[in-house]
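Enquirer: Can you keep this structure in mind? I'll have questions shortly.
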Amino acid sequence: MSTMIGEEAGIMEYVHLRGVEIIQQIQHTFRHHVDLMQFLTRVGDPRYAFLIYFPLAYCFHRSTGTRVLWVACLSEWLNGVLKWILHGERPYWWVNEVKLHDHVVIVPSLEQYSLTCETGPGSPSGHAMVTSAVLYSIGTSFIKHGVKHTGKLERSLVWVSFTIVLIAVNISRLFIATHFPHQVVAGSITGILLAEVVKHEHTNHLSFRHYVVWSLLLVSGVFLTYTGITFLGLDPLWSLDLAKKWCAKSEWVHPDTTPFFAFVRDVSSLIGFGIGVLLRDSGKISIKLSVGKKLLHVGVSLLLSLTVENIKISSTSSMFYVVGFLKFTAMMGGVVYVIPWLLSRNKAKDM
């Protein structure tokens with residue numbers, strides 16, 4: 001269905017309407033592949049950068065895993081700040097809000113799904129930004145440490161795979177009507193640029209003090225941004241009300257997709273990782289694992305991260321953010337220090 005606007009519409013309204021037409025076409029094209037689209041959007045979920053991609057990278061290659069954590073935290077934090085500043089709409093609520101404007105002659109309609117109703121502002125896409133940043137970091141590290149002595153074909157396969165996954169995730173975000181096309185493009189580009197910057201930093205040699213300082217900087221940045229938005233008379237939580245208002249089913253509203261929860265995850269992950277580094281560096285046992293123990297490290301770490309993720313409490317509880325902070329702090333400390341320490345201790349006993 002085509003959309004029509006009158007002369008009163010602004011530039012962004014025109015962009016949104018054209019974006020809705022693209023989303024409608026994608027929903028029509030992949031209407032028989034809803035499960036695949038929702039799986040792909042889960043693949044790009046920022047939380048899995050912490051729960052899956054980080055443990056995998058860290059267990060096999062410590063410096064790569066450390067960089068992946070930093071890229072995940074910084075990209076998600078920057079994404080949340082940009083969302084507050086840019087005040088971006090989401091398609092699933094915008095098509096309903098736009099009905100209030102007389103200059104829209106034909107009102108577009110979009111399908112909603114169980115993963116549609118995210119509660120933060122829409123621009124830029126967090127899935128696109130964090131996914132592009134994390135996978136770019138993994139790809140560059142793999143080329144440097146894994147296929148550096150091979151030909152152009154192998155390196156090309158890495159970047160072709162990266163491109164395919166990123167495009168697939170972006171299409172899935174459009175399909176479930178949680179982002180406009182320009183938002184996923186902006187997120188992808190910003191994520192890659194950030195990963196390229198972090199790539200040149202020596203994150204592997206940072207101490208606990210560095211993690212504390214950076215955590216305080218992130219908290220300060222959030223506070224200043226929030227205060228500035230409030231001072232201008234704007235509501236930082238405006239998008240949550242729209243999500244609750246226009247989501248097709250109340251159980252589809254996801255409170256853990258707000259910028260606030262993302263900020264909690266970023267800061268707690270850095271603190272938890274820093275605690276792990278402190279314990280690791282101060283321990284008397286050298287934590288060096290064989291290939292078999294590394295595989296065991298991967299398995300136990302993933303079990304820990306997914307178990308911690310399944311600890312849920314009501315978003316209306318005053319402890320919602322506290323529990324979220326403790327979850328990711330404990331998980332990071334476990335992956336970085338507790339699990340490898342237990343595995344290396346078991347090895348020492350065997351000897």
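Residues in the structure tokens are named by chain (A, B, ... in the order shown) and by number from 1 within that chain; ligands are numbered from 1 in the order shown.
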So that I can see what lies close to stretch 260-263 of chain A, please list as a tab-separated table (two decimals) with N, CA and C atoms, in the first residue's frame the residues with an atom at most 8 Å from it, counting only C-alpha atoms and leaving out residues fewer than 5 positions away in the same chain.
Expert:
chain	number	residue	atom	x	y	z
A	76	GLU	N	27.37	0.16	22.79
A	76	GLU	CA	26.02	0.19	23.36
A	76	GLU	C	25.80	1.48	24.15
A	77	TRP	N	26.83	1.92	24.87
A	77	TRP	CA	26.71	3.17	25.64
A	77	TRP	C	26.51	4.36	24.69
A	80	GLY	N	23.06	4.36	23.21
A	80	GLY	CA	22.03	4.87	24.11
A	80	GLY	C	22.03	6.38	24.22
A	219	VAL	N	29.15	6.60	33.46
A	219	VAL	CA	28.06	7.04	34.34
A	219	VAL	C	27.91	8.56	34.27
A	222	VAL	N	26.23	9.59	31.04
A	222	VAL	CA	24.78	9.34	31.09
A	222	VAL	C	24.09	10.42	31.92
A	321	TYR	N	17.00	-2.86	38.28
A	321	TYR	CA	18.30	-2.45	37.79
A	321	TYR	C	19.44	-2.95	38.69
A	324	GLY	N	20.04	-6.47	37.66
A	324	GLY	CA	20.73	-6.44	36.37
A	324	GLY	C	22.21	-6.14	36.54
Enquirer: Looking only at alpha helix (DSSP H) from DSSP on the backbone, list the matching residues of stretch 141-306 of chain A as JSON, numbers by chain.
Expert: {"A": [141, 142, 143, 144, 145, 152, 153, 154, 155, 156, 157, 158, 159, 160, 161, 162, 163, 164, 165, 166, 167, 168, 169, 170, 171, 172, 173, 174, 175, 181, 182, 183, 184, 185, 186, 187, 188, 189, 190, 191, 192, 193, 194, 195, 196, 197, 198, 199, 208, 209, 210, 211, 212, 213, 214, 215, 216, 217, 218, 219, 220, 221, 222, 223, 224, 225, 226, 227, 228, 229, 230, 231, 238, 239, 240, 241, 242, 243, 244, 245, 246, 259, 260, 261, 262, 263, 264, 265, 266, 267, 268, 269, 270, 271, 272, 273, 274, 275, 276, 277, 278, 279, 280, 281, 282, 291, 292, 293, 294, 295, 296, 297, 298, 299, 300, 301, 302, 303, 304, 305, 306]}
Enquirer: Give me the stretch 93-174 of chain A side of the contact with stretch 40-62 of chain A, cut-off 6 Å, one line per residue showing its nearest atom pair and distance in Å at one decimal, counting only C-alpha atoms, sorted by chain and residue number, as a Markdown table.
Expert:
| residue | atom | partner | partner_atom | distance |
| --- | --- | --- | --- | --- |
| A:His127 | CA | A:Gly44 | CA | 5.2 |
| A:Val130 | CA | A:Pro46 | CA | 5.9 |
| A:Thr131 | CA | A:Gly44 | CA | 5.5 |
| A:Val169 | CA | A:Leu40 | CA | 5.4 |
| A:Ser172 | CA | A:Thr41 | CA | 5.4 |
Enquirer: With N, CA and C atoms retained, could you export that selection as a CSV table (one decimal), in the first residue's frame?
Expert:
chain,number,residue,atom,x,y,z
A,127,HIS,N,21.0,-2.8,17.6
A,127,HIS,CA,21.4,-4.1,17.0
A,127,HIS,C,22.4,-4.0,15.9
A,130,VAL,N,25.9,-2.4,17.6
A,130,VAL,CA,26.7,-3.3,18.4
A,130,VAL,C,27.1,-4.5,17.6
A,131,THR,N,26.3,-5.0,16.8
A,131,THR,CA,26.6,-6.2,16.0
A,131,THR,C,27.8,-5.9,15.0
A,169,VAL,N,20.8,-9.3,9.7
A,169,VAL,CA,20.3,-8.7,11.0
A,169,VAL,C,19.6,-7.4,10.7
A,172,SER,N,16.2,-8.1,9.3
A,172,SER,CA,15.3,-8.6,10.3
A,172,SER,C,14.7,-7.5,11.2
Enquirer: Can you pull out every residue within 7 Å of stretch 186-195 of chain A, counting only C-alpha atoms, but drop anything in the same chain fewer than 4 positions away, and send it as an MDAnalysis selection string?
Expert: chainID A and resid 71 75 124:126 128:130 132:133 136:137 182 199
Enquirer: Keeping only N, CA and C atoms, write the selected residues as a CSV table (one decimal), in the first residue's frame.
Expert:
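Output contents, as saved in again.csv:
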chain,number,residue,atom,x,y,z
A,71,VAL,N,34.5,-2.9,23.0
A,71,VAL,CA,33.7,-2.5,21.9
A,71,VAL,C,32.2,-2.6,22.1
A,75,SER,N,30.1,0.8,22.3
A,75,SER,CA,29.1,0.9,21.2
A,75,SER,C,27.7,1.0,21.8
A,124,PRO,N,20.3,5.7,16.5
A,124,PRO,CA,20.5,4.7,15.5
A,124,PRO,C,20.2,3.3,16.1
A,125,SER,N,20.1,2.3,15.2
A,125,SER,CA,19.8,1.0,15.6
A,125,SER,C,20.9,0.4,16.5
A,126,GLY,N,20.5,-0.1,17.7
A,126,GLY,CA,21.5,-0.7,18.6
A,126,GLY,C,21.9,-2.0,18.1
A,128,ALA,N,22.2,-3.0,15.0
A,128,ALA,CA,23.1,-2.8,13.9
A,128,ALA,C,24.4,-2.3,14.4
A,129,MET,N,24.4,-1.4,15.4
A,129,MET,CA,25.6,-0.7,15.8
A,129,MET,C,26.5,-1.7,16.6
A,130,VAL,N,25.9,-2.4,17.6
A,130,VAL,CA,26.7,-3.3,18.4
A,130,VAL,C,27.1,-4.5,17.6
A,132,SER,N,27.7,-4.7,14.3
A,132,SER,CA,28.7,-4.3,13.4
A,132,SER,C,30.1,-4.1,14.1
A,133,ALA,N,30.0,-3.5,15.3
A,133,ALA,CA,31.2,-3.2,16.1
A,133,ALA,C,31.9,-4.5,16.6
A,136,TYR,N,33.0,-6.8,13.6
A,136,TYR,CA,34.1,-6.2,12.9
A,136,TYR,C,35.4,-6.4,13.8
A,137,SER,N,35.3,-6.3,15.1
A,137,SER,CA,36.4,-6.6,15.9
A,137,SER,C,36.9,-8.0,15.9
A,182,HIS,N,17.0,4.0,7.5
A,182,HIS,CA,18.1,5.0,7.8
A,182,HIS,C,18.8,4.7,9.1
A,199,LYS,N,40.3,-0.6,17.9
A,199,LYS,CA,41.2,-1.6,17.4
A,199,LYS,C,42.7,-1.2,17.7
Enquirer: Contacts of A:Ile138 at 9 Å or less, counting only C-alpha atoms, minus same-chain residues fewer than 2 places along, as number ranges by chain?
Expert: A: 53, 57, 64-65, 67-68, 133-136, 140-143
Enquirer: The selected residues should be written to file as a tab-separated table (two decimals), in the first residue's frame (atoms: all heavy atoms).
Expert:
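Contents of the output file result_31.tsv:
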chain	number	residue	atom	x	y	z
A	53	TYR	N	29.11	-13.76	22.43
A	53	TYR	CA	30.28	-13.42	21.63
A	53	TYR	C	31.49	-13.11	22.49
A	53	TYR	O	32.62	-13.52	22.17
A	53	TYR	CB	29.95	-12.23	20.71
A	53	TYR	CG	28.75	-12.48	19.83
A	53	TYR	CD1	27.80	-11.49	19.60
A	53	TYR	CD2	28.56	-13.72	19.23
A	53	TYR	CE1	26.69	-11.74	18.80
A	53	TYR	CE2	27.46	-13.96	18.42
A	53	TYR	CZ	26.52	-12.97	18.22
A	53	TYR	OH	25.42	-13.21	17.44
A	57	ALA	N	34.96	-15.36	22.43
A	57	ALA	CA	36.21	-14.71	22.02
A	57	ALA	C	37.24	-14.74	23.14
A	57	ALA	O	38.42	-15.04	22.92
A	57	ALA	CB	35.93	-13.26	21.61
A	64	THR	N	41.54	-10.66	22.18
A	64	THR	CA	40.37	-10.45	21.33
A	64	THR	C	39.12	-10.31	22.17
A	64	THR	O	38.29	-9.42	21.94
A	64	THR	CB	40.20	-11.62	20.35
A	64	THR	OG1	41.34	-11.71	19.50
A	64	THR	CG2	38.95	-11.42	19.49
A	65	GLY	N	38.97	-11.19	23.17
A	65	GLY	CA	37.80	-11.12	24.04
A	65	GLY	C	37.73	-9.81	24.80
A	65	GLY	O	36.65	-9.24	24.97
A	67	ARG	N	38.98	-6.94	23.86
A	67	ARG	CA	38.60	-5.88	22.92
A	67	ARG	C	37.11	-5.97	22.57
A	67	ARG	O	36.43	-4.94	22.44
A	67	ARG	CB	39.43	-5.97	21.65
A	67	ARG	CG	39.18	-4.82	20.66
A	67	ARG	CD	40.13	-4.85	19.49
A	67	ARG	NE	41.49	-4.59	19.92
A	67	ARG	CZ	42.46	-5.50	19.90
A	67	ARG	NH1	42.20	-6.73	19.49
A	67	ARG	NH2	43.67	-5.20	20.30
A	68	VAL	N	36.60	-7.18	22.44
A	68	VAL	CA	35.17	-7.37	22.15
A	68	VAL	C	34.33	-6.77	23.27
A	68	VAL	O	33.31	-6.11	23.02
A	68	VAL	CB	34.84	-8.86	21.96
A	68	VAL	CG1	33.33	-9.10	22.04
A	68	VAL	CG2	35.37	-9.36	20.62
A	133	ALA	N	29.99	-3.47	15.30
A	133	ALA	CA	31.20	-3.19	16.06
A	133	ALA	C	31.86	-4.48	16.56
A	133	ALA	O	33.08	-4.67	16.41
A	133	ALA	CB	30.88	-2.27	17.24
A	134	VAL	N	31.06	-5.36	17.14
A	134	VAL	CA	31.60	-6.59	17.72
A	134	VAL	C	32.12	-7.53	16.63
A	134	VAL	O	33.23	-8.07	16.73
A	134	VAL	CB	30.52	-7.29	18.57
A	134	VAL	CG1	30.94	-8.72	18.92
A	134	VAL	CG2	30.26	-6.49	19.84
A	135	LEU	N	31.33	-7.75	15.59
A	135	LEU	CA	31.75	-8.67	14.53
A	135	LEU	C	32.93	-8.11	13.74
A	135	LEU	O	33.79	-8.87	13.28
A	135	LEU	CB	30.58	-8.98	13.59
A	135	LEU	CG	29.42	-9.76	14.21
A	135	LEU	CD1	28.40	-10.14	13.15
A	135	LEU	CD2	29.92	-11.01	14.93
A	136	TYR	N	32.99	-6.80	13.59
A	136	TYR	CA	34.15	-6.19	12.93
A	136	TYR	C	35.41	-6.43	13.76
A	136	TYR	O	36.47	-6.76	13.21
A	136	TYR	CB	33.92	-4.69	12.75
A	136	TYR	CG	35.02	-3.98	12.00
A	136	TYR	CD1	35.01	-3.92	10.60
A	136	TYR	CD2	36.07	-3.36	12.68
A	136	TYR	CE1	36.03	-3.26	9.91
A	136	TYR	CE2	37.08	-2.71	12.00
A	136	TYR	CZ	37.06	-2.66	10.62
A	136	TYR	OH	38.07	-2.01	9.95
A	140	THR	N	38.55	-8.60	12.32
A	140	THR	CA	39.91	-8.07	12.19
A	140	THR	C	40.89	-8.87	13.04
A	140	THR	O	42.03	-9.11	12.61
A	140	THR	CB	39.96	-6.60	12.61
A	140	THR	OG1	39.40	-6.45	13.92
A	140	THR	CG2	39.19	-5.72	11.64
A	141	SER	N	40.46	-9.32	14.20
A	141	SER	CA	41.33	-10.12	15.06
A	141	SER	C	41.59	-11.48	14.45
A	141	SER	O	42.71	-12.01	14.50
A	141	SER	CB	40.69	-10.28	16.45
A	141	SER	OG	41.52	-11.05	17.29
A	142	PHE	N	40.56	-12.07	13.85
A	142	PHE	CA	40.71	-13.38	13.21
A	142	PHE	C	41.68	-13.31	12.04
A	142	PHE	O	42.52	-14.20	11.85
A	142	PHE	CB	39.35	-13.90	12.75
A	142	PHE	CG	39.40	-15.29	12.18
A	142	PHE	CD1	39.62	-16.37	13.02
A	142	PHE	CD2	39.23	-15.51	10.83
A	142	PHE	CE1	39.67	-17.67	12.51
A	142	PHE	CE2	39.28	-16.80	10.31
A	142	PHE	CZ	39.49	-17.88	11.15
A	143	ILE	N	41.59	-12.24	11.28
A	143	ILE	CA	42.52	-12.07	10.15
A	143	ILE	C	43.95	-11.88	10.66
A	143	ILE	O	44.90	-12.44	10.11
A	143	ILE	CB	42.09	-10.86	9.29
A	143	ILE	CG1	40.81	-11.19	8.52
A	143	ILE	CG2	43.21	-10.45	8.33
A	143	ILE	CD1	40.25	-10.03	7.74
Enquirer: Can you pull out every residue within 12 Å of A:Asn310, counting only C-alpha atoms, but drop anything in the same chain fewer than 6 positions away, and send it as a list of chain:residue names?
Expert: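 Counting only the stated atoms, we get A:Leu51, A:Leu303, A:Leu304, A:Val323, A:Gly324, A:Lys327, A:Phe328.
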Enquirer: Of the residues A:Cys247, A:Val198, A:Val185, A:Leu36, which is the one nearest to A:Arg90, using only C-alpha atoms?
Expert: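 Looking at the shortest contact to A:Arg90, the residue is A:Cys247.
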